[in-house]
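Structure data (compact mmCIF, C-alpha atoms) from my_file_12.txt:
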# COMPACT_ATOMS: atom_id res chain seq x y z
CA MET A 1469 113.80 -7.27 -94.87
CA LEU A 1470 112.07 -9.36 -97.53
CA ARG A 1471 112.17 -13.10 -97.01
CA LEU A 1472 114.91 -14.77 -99.04
CA SER A 1473 113.79 -17.94 -100.79
CA ASP A 1474 115.62 -21.24 -100.37
CA GLU A 1475 116.89 -20.90 -103.91
CA GLN A 1476 118.32 -17.43 -103.21
CA LEU A 1477 120.17 -18.74 -100.14
CA ILE A 1478 121.57 -21.67 -102.11
CA ALA A 1479 122.80 -19.33 -104.86
CA ASP A 1480 124.27 -16.82 -102.39
CA PRO A 1481 124.79 -17.93 -98.75
CA ALA A 1482 126.42 -14.60 -97.81
CA PRO A 1483 123.46 -13.38 -95.68
CA LEU A 1484 123.99 -16.37 -93.35
CA ARG A 1485 127.77 -16.29 -93.22
CA HIS A 1486 128.13 -13.59 -90.55
CA TRP A 1487 125.45 -15.24 -88.38
CA PHE A 1488 127.28 -18.59 -88.47
CA ASP A 1489 130.60 -16.85 -87.76
CA CYS A 1490 129.12 -15.20 -84.67
CA GLN A 1491 127.64 -18.43 -83.35
CA LEU A 1492 130.60 -20.72 -84.02
CA GLY A 1493 133.64 -18.48 -83.96
CA GLY A 1494 136.97 -19.61 -85.36
CA GLY A 1495 137.16 -16.93 -88.01
CA SER A 1496 134.97 -16.31 -91.03
CA ARG A 1497 134.33 -19.31 -93.26
CA ALA A 1498 132.46 -19.76 -96.51
CA LEU A 1499 129.17 -21.67 -96.55
CA THR A 1500 127.62 -23.99 -99.08
CA ILE A 1501 123.91 -24.77 -98.91
CA GLU A 1502 121.77 -27.48 -100.44
CA LYS A 1503 118.08 -28.19 -100.16
CA ILE A 1504 117.16 -31.55 -98.64
CA ILE A 1505 114.12 -33.41 -99.85
CA GLY A 1506 111.99 -33.76 -96.75
CA GLY A 1507 108.55 -33.04 -95.40
CA ALA A 1508 105.71 -31.00 -96.84
CA SER A 1509 105.91 -28.31 -94.17
CA ASN A 1510 109.17 -26.67 -93.13
CA SER A 1511 112.10 -26.09 -95.47
CA LEU A 1512 115.19 -28.13 -94.59
CA LEU A 1513 118.60 -26.99 -95.81
CA ARG A 1514 122.00 -28.60 -95.25
CA VAL A 1515 124.68 -26.01 -94.52
CA THR A 1516 128.34 -26.97 -94.84
CA ARG A 1517 130.95 -24.81 -93.10
CA GLY A 1518 134.46 -26.19 -93.39
CA ASP A 1519 134.31 -29.80 -92.22
CA GLN A 1520 131.08 -29.29 -90.26
CA GLN A 1521 127.51 -29.79 -91.43
CA PHE A 1522 124.32 -28.31 -90.00
CA ALA A 1523 120.58 -28.57 -90.57
CA LEU A 1524 118.77 -25.26 -91.06
CA ARG A 1525 114.99 -25.35 -90.71
CA ARG A 1526 112.61 -22.51 -91.52
CA PRO A 1527 108.83 -22.26 -91.78
CA PRO A 1528 107.09 -21.78 -95.13
CA ALA A 1529 106.52 -18.32 -96.57
CA VAL A 1530 102.77 -18.82 -96.09
CA SER A 1531 101.58 -20.83 -93.07
CA ASN A 1532 98.37 -22.82 -93.25
CA ASP A 1533 97.54 -21.96 -89.63
CA ARG A 1534 98.42 -19.10 -87.35
CA THR A 1535 99.37 -21.43 -84.48
CA SER A 1536 101.89 -23.51 -86.43
CA HIS A 1537 105.56 -22.98 -87.29
CA ASP A 1538 106.36 -21.07 -84.08
CA LEU A 1539 110.15 -21.11 -84.02
CA ALA A 1540 110.35 -19.35 -80.64
CA ARG A 1541 108.54 -22.29 -79.04
CA GLU A 1542 110.75 -24.79 -80.80
CA LEU A 1543 113.90 -23.02 -79.63
CA LYS A 1544 112.63 -23.14 -76.04
CA LEU A 1545 111.87 -26.83 -76.42
CA MET A 1546 115.26 -27.74 -77.88
CA ARG A 1547 117.00 -26.03 -74.99
CA ALA A 1548 114.86 -28.00 -72.53
CA LEU A 1549 115.38 -31.35 -74.28
CA ALA A 1550 119.13 -30.91 -74.00
CA GLN A 1551 118.63 -31.69 -70.28
CA THR A 1552 116.97 -35.08 -70.97
CA ASP A 1553 117.81 -38.48 -72.46
CA VAL A 1554 115.42 -37.94 -75.39
CA PRO A 1555 117.51 -38.42 -78.57
CA CYS A 1556 117.71 -35.06 -80.37
CA ALA A 1557 120.09 -33.20 -82.63
CA ARG A 1558 122.11 -30.60 -80.71
CA LEU A 1559 120.81 -27.07 -81.09
CA VAL A 1560 123.35 -24.56 -82.39
CA GLU A 1561 121.02 -21.57 -82.12
CA GLY A 1562 118.19 -19.87 -83.92
CA THR A 1563 116.45 -16.55 -84.26
CA THR A 1564 112.94 -15.22 -84.67
CA ALA A 1565 114.25 -11.93 -86.09
CA THR A 1566 113.90 -11.08 -89.77
CA ASP A 1567 117.15 -9.21 -90.26
CA VAL A 1568 119.27 -12.21 -91.32
CA ILE A 1569 117.31 -13.96 -94.07
CA GLY A 1570 113.95 -12.24 -93.83
CA GLY A 1571 112.33 -14.73 -91.46
CA PRO A 1572 112.92 -17.03 -88.47
CA PHE A 1573 115.07 -20.13 -88.60
CA LEU A 1574 116.91 -22.56 -86.35
CA VAL A 1575 120.14 -24.47 -86.84
CA MET A 1576 120.99 -27.89 -85.44
CA GLU A 1577 124.02 -30.13 -85.79
CA TRP A 1578 123.63 -32.48 -88.74
CA VAL A 1579 122.70 -36.02 -87.68
CA ASP A 1580 124.31 -38.95 -89.45
CA GLY A 1581 121.51 -41.40 -89.92
CA PHE A 1582 118.53 -42.25 -92.09
CA THR A 1583 114.80 -41.82 -91.96
CA PRO A 1584 113.31 -45.33 -91.99
CA ARG A 1585 111.58 -45.58 -95.34
CA ASP A 1586 111.78 -48.63 -97.57
CA PRO A 1587 114.03 -49.63 -99.12
CA MET A 1588 116.11 -49.16 -95.97
CA PRO A 1589 119.90 -49.11 -96.14
CA GLY A 1590 122.53 -51.59 -95.06
CA CYS A 1591 121.74 -54.06 -92.33
CA PHE A 1592 118.12 -52.86 -92.10
CA ALA A 1593 117.27 -53.69 -95.70
CA ASP A 1594 116.18 -57.30 -95.25
CA ASP A 1595 117.35 -58.57 -91.85
CA ARG A 1596 114.09 -59.26 -90.01
CA GLY A 1597 115.69 -59.13 -86.58
CA ASN A 1598 117.23 -55.72 -87.23
CA ARG A 1599 113.98 -54.38 -88.65
CA ARG A 1600 112.01 -55.58 -85.65
CA ALA A 1601 114.60 -53.99 -83.36
CA LEU A 1602 114.25 -50.76 -85.34
CA GLY A 1603 110.51 -50.73 -84.68
CA ASP A 1604 111.15 -51.35 -80.98
CA ALA A 1605 113.63 -48.46 -80.89
CA VAL A 1606 110.98 -46.14 -82.35
CA ILE A 1607 108.53 -47.19 -79.61
CA ASP A 1608 111.11 -46.87 -76.83
CA ALA A 1609 112.11 -43.36 -77.91
CA LEU A 1610 108.46 -42.29 -77.80
CA ALA A 1611 108.17 -43.66 -74.25
CA LYS A 1612 111.15 -41.48 -73.29
CA ILE A 1613 109.27 -38.38 -74.41
CA ALA A 1614 106.33 -39.32 -72.19
CA LEU A 1615 108.68 -39.70 -69.22
CA VAL A 1616 110.18 -36.19 -69.47
CA ASP A 1617 109.77 -34.12 -66.30
CA TRP A 1618 108.38 -31.23 -68.33
CA GLN A 1619 108.09 -28.88 -65.38
CA GLY A 1620 111.56 -29.73 -64.15
CA VAL A 1621 113.21 -28.85 -67.49
CA GLY A 1622 111.51 -25.47 -67.74
CA LEU A 1623 108.45 -26.30 -69.83
CA GLY A 1624 105.84 -25.42 -67.20
CA ASP A 1625 104.40 -22.71 -69.45
CA PHE A 1626 104.87 -24.59 -72.74
CA GLY A 1627 101.26 -25.68 -73.12
CA LYS A 1628 97.82 -25.73 -71.54
CA PRO A 1629 97.42 -29.28 -70.27
CA ASP A 1630 94.17 -28.65 -68.40
CA GLY A 1631 91.33 -29.66 -70.68
CA PHE A 1632 93.75 -30.50 -73.51
CA LEU A 1633 91.85 -33.52 -74.78
CA ASP A 1634 88.47 -31.77 -74.47
CA ARG A 1635 89.68 -29.00 -76.81
CA GLN A 1636 91.11 -31.17 -79.55
CA VAL A 1637 88.10 -31.82 -81.76
CA ASP A 1638 86.99 -28.18 -81.79
CA ARG A 1639 90.56 -26.95 -82.27
CA TRP A 1640 91.19 -29.06 -85.38
CA LEU A 1641 87.68 -28.68 -86.75
CA SER A 1642 88.11 -24.91 -86.51
CA GLN A 1643 91.39 -25.13 -88.43
CA PHE A 1644 89.70 -27.16 -91.16
CA GLN A 1645 86.89 -24.61 -91.43
CA ARG A 1646 89.33 -21.67 -91.66
CA ASN A 1647 91.11 -23.31 -94.58
CA GLN A 1648 88.20 -25.16 -96.18
CA VAL A 1649 88.28 -25.49 -99.96
CA ARG A 1650 86.02 -28.56 -100.35
CA ASN A 1651 83.66 -30.89 -98.50
CA LEU A 1652 85.01 -34.10 -97.03
CA SER A 1653 82.15 -36.56 -96.72
CA GLU A 1654 83.51 -38.67 -93.83
CA LEU A 1655 84.60 -35.79 -91.61
CA ASP A 1656 81.27 -35.44 -89.78
CA GLN A 1657 81.13 -39.13 -88.84
CA VAL A 1658 84.63 -38.99 -87.37
CA VAL A 1659 83.89 -35.78 -85.43
CA THR A 1660 80.66 -37.20 -83.98
CA TRP A 1661 82.37 -40.41 -82.82
CA LEU A 1662 85.25 -38.53 -81.22
CA ARG A 1663 82.90 -36.26 -79.29
CA THR A 1664 81.11 -39.23 -77.72
CA ASN A 1665 84.09 -41.51 -77.00
CA ALA A 1666 86.70 -39.33 -75.31
CA PRO A 1667 88.33 -40.91 -72.23
CA SER A 1668 87.63 -39.11 -68.96
CA ASN A 1669 90.95 -39.64 -67.16
CA THR A 1670 94.15 -38.27 -68.68
CA SER A 1671 97.60 -37.39 -67.37
CA PRO A 1672 99.56 -34.48 -68.87
CA GLY A 1673 102.99 -34.84 -70.38
CA LEU A 1674 105.28 -33.69 -73.16
CA MET A 1675 104.06 -34.49 -76.67
CA HIS A 1676 106.04 -34.45 -79.89
CA GLY A 1677 102.87 -33.80 -81.85
CA ASP A 1678 103.86 -35.59 -85.08
CA TYR A 1679 105.69 -38.72 -84.00
CA SER A 1680 106.14 -41.32 -86.73
CA PHE A 1681 108.80 -43.23 -88.63
CA ALA A 1682 109.12 -40.18 -90.90
CA ASN A 1683 110.25 -38.00 -87.99
CA VAL A 1684 113.06 -40.08 -86.53
CA MET A 1685 116.64 -40.55 -87.68
CA VAL A 1686 118.08 -44.03 -87.18
CA ALA A 1687 121.81 -44.70 -86.69
CA ARG A 1688 123.17 -46.61 -89.69
CA ASP A 1689 124.65 -49.59 -87.85
CA ALA A 1690 123.11 -52.33 -85.71
CA PRO A 1691 121.97 -52.59 -83.02
CA ALA A 1692 119.06 -50.32 -83.92
CA ARG A 1693 119.23 -46.93 -82.21
CA ILE A 1694 117.35 -43.67 -82.67
CA ALA A 1695 120.00 -41.03 -83.41
CA ALA A 1696 117.54 -38.14 -83.24
CA ILE A 1697 113.85 -37.32 -83.17
CA ILE A 1698 113.19 -34.45 -85.57
CA ASP A 1699 110.46 -31.94 -86.56
CA TRP A 1700 109.14 -30.83 -83.16
CA GLU A 1701 107.03 -27.93 -84.49
CA LEU A 1702 103.74 -29.33 -83.07
CA ALA A 1703 105.15 -30.20 -79.64
CA THR A 1704 103.18 -29.14 -76.57
CA ILE A 1705 102.21 -30.21 -73.07
CA GLY A 1706 99.13 -32.31 -73.55
CA ASP A 1707 98.27 -36.00 -73.60
CA PRO A 1708 101.24 -38.18 -74.70
CA LEU A 1709 98.85 -40.97 -75.68
CA LEU A 1710 97.94 -38.89 -78.72
CA ASP A 1711 101.54 -39.37 -79.88
CA LEU A 1712 101.09 -43.12 -79.46
CA GLY A 1713 97.80 -42.93 -81.34
CA HIS A 1714 99.51 -41.14 -84.22
CA LEU A 1715 102.36 -43.65 -84.38
CA LEU A 1716 100.11 -46.69 -84.18
CA SER A 1717 97.60 -45.29 -86.68
CA SER A 1718 100.48 -45.65 -89.13
CA TRP A 1719 101.45 -49.12 -87.85
CA GLU A 1720 100.19 -51.83 -90.17
CA ASP A 1721 99.62 -55.40 -89.06
CA ALA A 1722 97.36 -58.32 -89.93
CA SER A 1723 94.38 -56.74 -88.17
CA SER A 1724 94.68 -53.15 -89.39
CA GLY A 1725 94.50 -53.16 -93.16
CA PRO A 1726 96.49 -50.54 -95.10
CA THR A 1727 97.53 -47.40 -93.21
CA TRP A 1728 98.72 -43.97 -94.27
CA ALA A 1729 102.39 -44.97 -93.74
CA TYR A 1730 102.71 -46.56 -97.16
CA TYR A 1731 106.49 -46.00 -97.10
CA VAL A 1732 107.28 -48.79 -94.59
CA ASP A 1733 107.17 -52.56 -95.07
CA TRP A 1734 105.76 -53.64 -91.71
CA THR A 1735 106.04 -57.42 -92.09
CA ALA A 1736 108.97 -57.84 -89.67
CA MET A 1737 107.58 -55.51 -86.99
CA ARG A 1738 105.71 -56.62 -83.89
CA SER A 1739 101.92 -56.32 -83.96
CA ARG A 1740 100.14 -53.08 -83.12
CA ALA A 1741 98.92 -54.57 -79.82
CA GLU A 1742 102.45 -55.69 -78.92
CA ALA A 1743 103.80 -52.23 -79.78
CA ALA A 1744 101.22 -50.60 -77.51
CA GLU A 1745 102.10 -52.99 -74.68
CA ARG A 1746 105.82 -52.23 -75.08
CA TYR A 1747 105.11 -48.50 -74.87
CA SER A 1748 102.96 -48.97 -71.77
CA LEU A 1749 105.69 -50.95 -70.05
CA GLY A 1750 108.23 -48.30 -71.00
CA CYS A 1751 106.42 -45.28 -69.59
CA GLY A 1752 103.66 -46.68 -67.36
CA ARG A 1753 100.68 -45.21 -69.24
CA ASP A 1754 97.36 -47.01 -69.64
CA VAL A 1755 96.70 -47.72 -73.34
CA SER A 1756 93.16 -49.13 -73.03
CA ALA A 1757 91.67 -46.10 -74.88
CA LEU A 1758 94.06 -46.47 -77.81
CA PRO A 1759 91.31 -46.63 -80.51
CA PHE A 1760 90.14 -43.14 -79.52
CA TYR A 1761 93.66 -41.74 -79.71
CA MET A 1762 94.26 -43.35 -83.11
CA ALA A 1763 91.00 -41.94 -84.49
CA LEU A 1764 91.81 -38.48 -83.11
CA ALA A 1765 95.30 -38.67 -84.60
CA LEU A 1766 93.89 -39.58 -88.01
CA PHE A 1767 91.38 -36.72 -87.84
CA ARG A 1768 94.10 -34.26 -86.88
CA LEU A 1769 96.48 -35.52 -89.59
CA ALA A 1770 93.76 -35.15 -92.21
CA VAL A 1771 93.12 -31.55 -91.14
CA ILE A 1772 96.83 -30.65 -91.19
CA LEU A 1773 97.38 -32.11 -94.65
CA GLU A 1774 94.17 -30.52 -95.90
CA GLY A 1775 95.59 -27.15 -94.85
CA SER A 1776 98.60 -27.75 -97.10
CA TYR A 1777 96.32 -28.85 -99.92
CA ALA A 1778 94.26 -25.67 -99.44
CA ARG A 1779 97.41 -23.57 -99.84
CA TYR A 1780 98.13 -25.43 -103.08
CA ARG A 1781 94.59 -24.91 -104.36
CA ARG A 1782 94.79 -21.18 -103.64
CA GLY A 1783 98.09 -20.83 -105.46
CA GLN A 1784 100.02 -20.15 -102.24
CA SER A 1785 102.19 -23.26 -102.65
CA ASP A 1786 103.82 -24.90 -105.65
CA ASN A 1787 105.02 -27.93 -103.66
CA PRO A 1788 103.96 -31.02 -105.66
CA ARG A 1789 103.60 -32.99 -102.40
CA HIS A 1790 100.71 -30.72 -101.46
CA ALA A 1791 98.85 -31.62 -104.66
CA VAL A 1792 98.93 -35.31 -103.68
CA PHE A 1793 96.90 -34.52 -100.57
CA GLU A 1794 93.81 -34.14 -102.78
CA THR A 1795 93.44 -37.93 -102.62
CA ARG A 1796 95.50 -38.75 -99.53
CA VAL A 1797 93.32 -36.78 -97.09
CA PRO A 1798 90.11 -38.70 -97.97
CA THR A 1799 92.11 -41.94 -97.66
CA ILE A 1800 93.17 -41.01 -94.13
CA LEU A 1801 89.59 -40.18 -93.14
CA ALA A 1802 88.48 -43.51 -94.61
CA GLN A 1803 91.02 -45.25 -92.38
CA ALA A 1804 89.52 -43.44 -89.38
CA VAL A 1805 86.04 -44.60 -90.37
CA ARG A 1806 87.23 -48.23 -90.65
CA LEU A 1807 88.68 -47.96 -87.16
CA ILE A 1808 85.46 -46.45 -85.79
CA ASP A 1809 83.29 -49.09 -87.47
CA HIS A 1810 85.50 -51.84 -86.01
CA GLU A 1811 84.99 -50.38 -82.54
CA GLY A 1812 81.23 -50.29 -83.05

Can I see the file as structure tokens?
Amino acid sequence: MLRLSDEQLIADPAPLRHWFDCQLGGGSRALTIEKIIGGASNSLLRVTRGDQQFALRRPPAVSNDRTSHDLARELKLMRALAQTDVPCARLVEGTTATDVIGGPFLVMEWVDGFTPRDPMPGCFADDRGNRRALGDAVIDALAKIALVDWQGVGLGDFGKPDGFLDRQVDRWLSQFQRNQVRNLSELDQVVTWLRTNAPSNTSPGLMHGDYSFANVMVARDAPARIAAIIDWELATIGDPLLDLGHLLSSWEDASSGPTWAYYVDWTAMRSRAEAAERYSLGCGRDVSALPFYMALALFRLAVILEGSYARYRRGQSDNPRHAVFETRVPTILAQAVRLIDHEG
């Protein structure tokens, strides 16, 4: 079956109707579908069935890397996370078959909340105490991921934790080279520094893989609470400190200068050092090598976004967000270089 586009599903949801009826029962009901403005990777559609709403996620028609957008892995993960206290949307079901809409997809219950981008709504718009508490909630939810008994919930074969950190530079450099459409002048400096500054002692755990303010949903009312962590497509068993590095590479304070998370006003948040200490207290992990993890996270983010830009350059994507990465990727690498230079 040929893959149906988002626009085709919105115009005619009939191909999904029988699938929803089978999963939810209660007789056949009509669906309405709308596209949600979201990330630059997966498609996100809101499906309404009667008085219920669901989030349908599907990978792009053309993936920038053969290891990404693996819905079978994500389905396994969502089933495992249902056994934990990690805040997640409830999985309805999903499929890797192509006989429904021409490609894999998964469906979750719709979460009532907001992604924390400024201007934020309601009591989080300008109340400094609520905004600081929101930042703390983001940190605390990340610590919960690091505490998951990944073997106990059935994720013993979900990743390859042995040698995880040792593989990272080569893994992401290889992805960049497979998709390369231009030279990035600061890439070599970042790669060289990472190769010579990797910590020797690591402890495996569950990683989200892309943890940031953009990938959490916050409940609308105070006190601040994470309603759901979303977009788990890069999750694996590896080094959870890389998640912290990614989050704190976005975290701007008086010492950091501008970061890639331009969409948040950080003035009410605790400092980056205080955030790292809160995480350490929450999950018991040593954060002394945080600069390495932040630099690695920035390198990895640059490579991922460059893959999307490469698809745009080759005419495989018409997403205008991908065009913006022409300038954003060099900016992210420049942030990594500033961090490296500060560390000496």

>> Would you compute the distance between CA of Ala1540 (chain A) and CA of Ala1479 (chain A)? Give it in Å to one decimal.
In response: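 Rounded to one decimal, the two atoms are 27.2 Å apart.
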
> Pick from A:Ala1757, A:Ile1698, A:Ala1729, A:Ala1770: nearest to Phe1644 (chain A), with only C-alpha atoms counted?
Replying inline: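 Of A:Ala1757, A:Ile1698, A:Ala1729, A:Ala1770, the one nearest Phe1644 (chain A), counting only C-alpha atoms, is A:Ala1770.
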
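Minimum atom-to-atom distances from A:Ala1609, A:Ser1511, A:Gly1597, A:Val1771 to Arg1746 (chain A) were compared using only C-alpha atoms, and the lowest value belongs to A:Ala1609.
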
>> Let me make sure I understand: among A:Ala1778, A:Met1675, A:Ile1607, A:Ile1772, which one has the smallest atom-to-atom distance to Arg1740 (chain A) if we use all atoms listed in the file?
In response: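 Nearest candidate to Arg1740 (chain A) out of A:Ala1778, A:Met1675, A:Ile1607, A:Ile1772: A:Ile1607.
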
> Quick one: residues within 10 Å of Pro1798 (chain A), only C-alpha atoms counted, chain neighbours fewer than 5 positions away excluded, as an MDAnalysis selection string?
Replying inline: chainID A and resid 1652:1655 1770 1774 1793 1803:1804

>> Just to confirm, what's the straight-line distance from CA of His1810 (chain A) to CA of Leu1610 (chain A) in Å (one decimal)?
In response: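 Interatomic distance, CA of His1810 (chain A) to CA of Leu1610 (chain A): 26.2 Å.
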
> Restricting the calculation to all atoms listed in the file, which member of A:Met1588, A:Val1637, A:Leu1602, A:Leu1484 is positioned closest to Thr1566 (chain A)?
Replying inline: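 Residue with the minimum atom-to-atom distance to Thr1566 (chain A): A:Leu1484.
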
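Of the residues under consideration (A:Arg1596, A:Arg1796, A:Glu1561, A:Gln1636), A:Glu1561 shows the shortest atom-to-atom contact distance to Arg1547 (chain A) when counting all atoms listed in the file.
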
>> One number please: CA of Arg1779 (chain A) to CA of Asn1647 (chain A), in Å, one decimal.
In response: 8.2 Å

> With all atoms listed in the file as the atoms that count, which of A:Ala1682, A:Phe1767, A:Gly1590, A:Lys1544 lies nearest to Asp1656 (chain A)?
Replying inline: A:Phe1767

>> Give me the residues near Arg1635 (chain A) as a ChimeraX atom specification, where near means some atom within 12 Å (using all atoms listed in the file) and where sequence neighbours in that chain fewer than 5 positions away do not count.
In response: /A:1628-1630,1640-1642,1662-1663,1666,1706-1707,1764

> So which residues touch Asp1625 (chain A) within 10 Å, counting only C-alpha atoms, skipping near sequence neighbours fewer than 4 positions away, as a list in words?
Replying inline: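 Answer for this query is Trp1618, Gln1619, Pro1629, Thr1704 and Ile1705 of chain A.
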
Go ahead and write the residues just picked, C-alpha atoms, as an mmCIF file, keeping the file's coordinate frame.
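Output (part04.cif):
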data_model
loop_
_atom_site.group_PDB
_atom_site.id
_atom_site.type_symbol
_atom_site.label_atom_id
_atom_site.label_comp_id
_atom_site.auth_asym_id
_atom_site.auth_seq_id
_atom_site.Cartn_x
_atom_site.Cartn_y
_atom_site.Cartn_z
ATOM 1 C CA TRP A 1618 108.380 -31.230 -68.330
ATOM 2 C CA GLN A 1619 108.090 -28.880 -65.380
ATOM 3 C CA PRO A 1629 97.420 -29.280 -70.270
ATOM 4 C CA THR A 1704 103.180 -29.140 -76.570
ATOM 5 C CA ILE A 1705 102.210 -30.210 -73.070
#

>> I want to know what sits within 9 Å of Gly1571 (chain A), based on all atoms listed in the file, with residues of the same chain fewer than 5 positions away left out; could you give that as a list in words?
In response: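 Here the qualifying residues turn out to be Met1469, Leu1470, Arg1471, Leu1472, Arg1526, Pro1527, Ala1529, Thr1563, Thr1564, Ala1565 and Thr1566 of chain A.
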
As a PDB file with C-alpha atoms, in the coordinates of the input, please: the residues near Ser1723 (chain A) (cut-off 10 Å, all atoms listed in the file, same-chain neighbours under 2 positions excluded).
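The resulting file, result-v2.pdb, is reproduced below:
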ATOM      1  CA  GLU A1720     100.190 -51.830 -90.170  1.00  0.00           C
ATOM      2  CA  ASP A1721      99.620 -55.400 -89.060  1.00  0.00           C
ATOM      3  CA  GLY A1725      94.500 -53.160 -93.160  1.00  0.00           C
ATOM      4  CA  PRO A1726      96.490 -50.540 -95.100  1.00  0.00           C
ATOM      5  CA  SER A1739     101.920 -56.320 -83.960  1.00  0.00           C
ATOM      6  CA  ARG A1740     100.140 -53.080 -83.120  1.00  0.00           C
ATOM      7  CA  ALA A1741      98.920 -54.570 -79.820  1.00  0.00           C
TER       8      ALA A1741
END

Could you produce a table of the residues of region 1649-1692 of chain A lying within 7 Å of region 1580-1584 of chain A, with the nearest pair of atoms per residue and their separation in Å rounded to one decimal, using all atoms listed in the file, ordered by chain and increasing residue number, as JSON lines?
{"residue": "A:Phe1681", "atom": "CA", "partner": "A:Pro1584", "partner_atom": "CA", "distance": 6.0}
{"residue": "A:Ala1682", "atom": "CA", "partner": "A:Thr1583", "partner_atom": "CA", "distance": 6.0}
{"residue": "A:Val1684", "atom": "CA", "partner": "A:Thr1583", "partner_atom": "CA", "distance": 6.0}
{"residue": "A:Met1685", "atom": "CA", "partner": "A:Thr1583", "partner_atom": "CA", "distance": 4.8}
{"residue": "A:Val1686", "atom": "CA", "partner": "A:Gly1581", "partner_atom": "CA", "distance": 5.1}
{"residue": "A:Ala1687", "atom": "CA", "partner": "A:Gly1581", "partner_atom": "CA", "distance": 4.6}
{"residue": "A:Arg1688", "atom": "CA", "partner": "A:Gly1581", "partner_atom": "CA", "distance": 5.5}

>> Which polymer residues, whether protein, DNA or RNA, lie within 10 Å of the coordinate (105.5, -42.3, -78.4) when you count all atoms listed in the file? List them as a count of residues only, using the chain letters and numbers from the file.
In response: 29
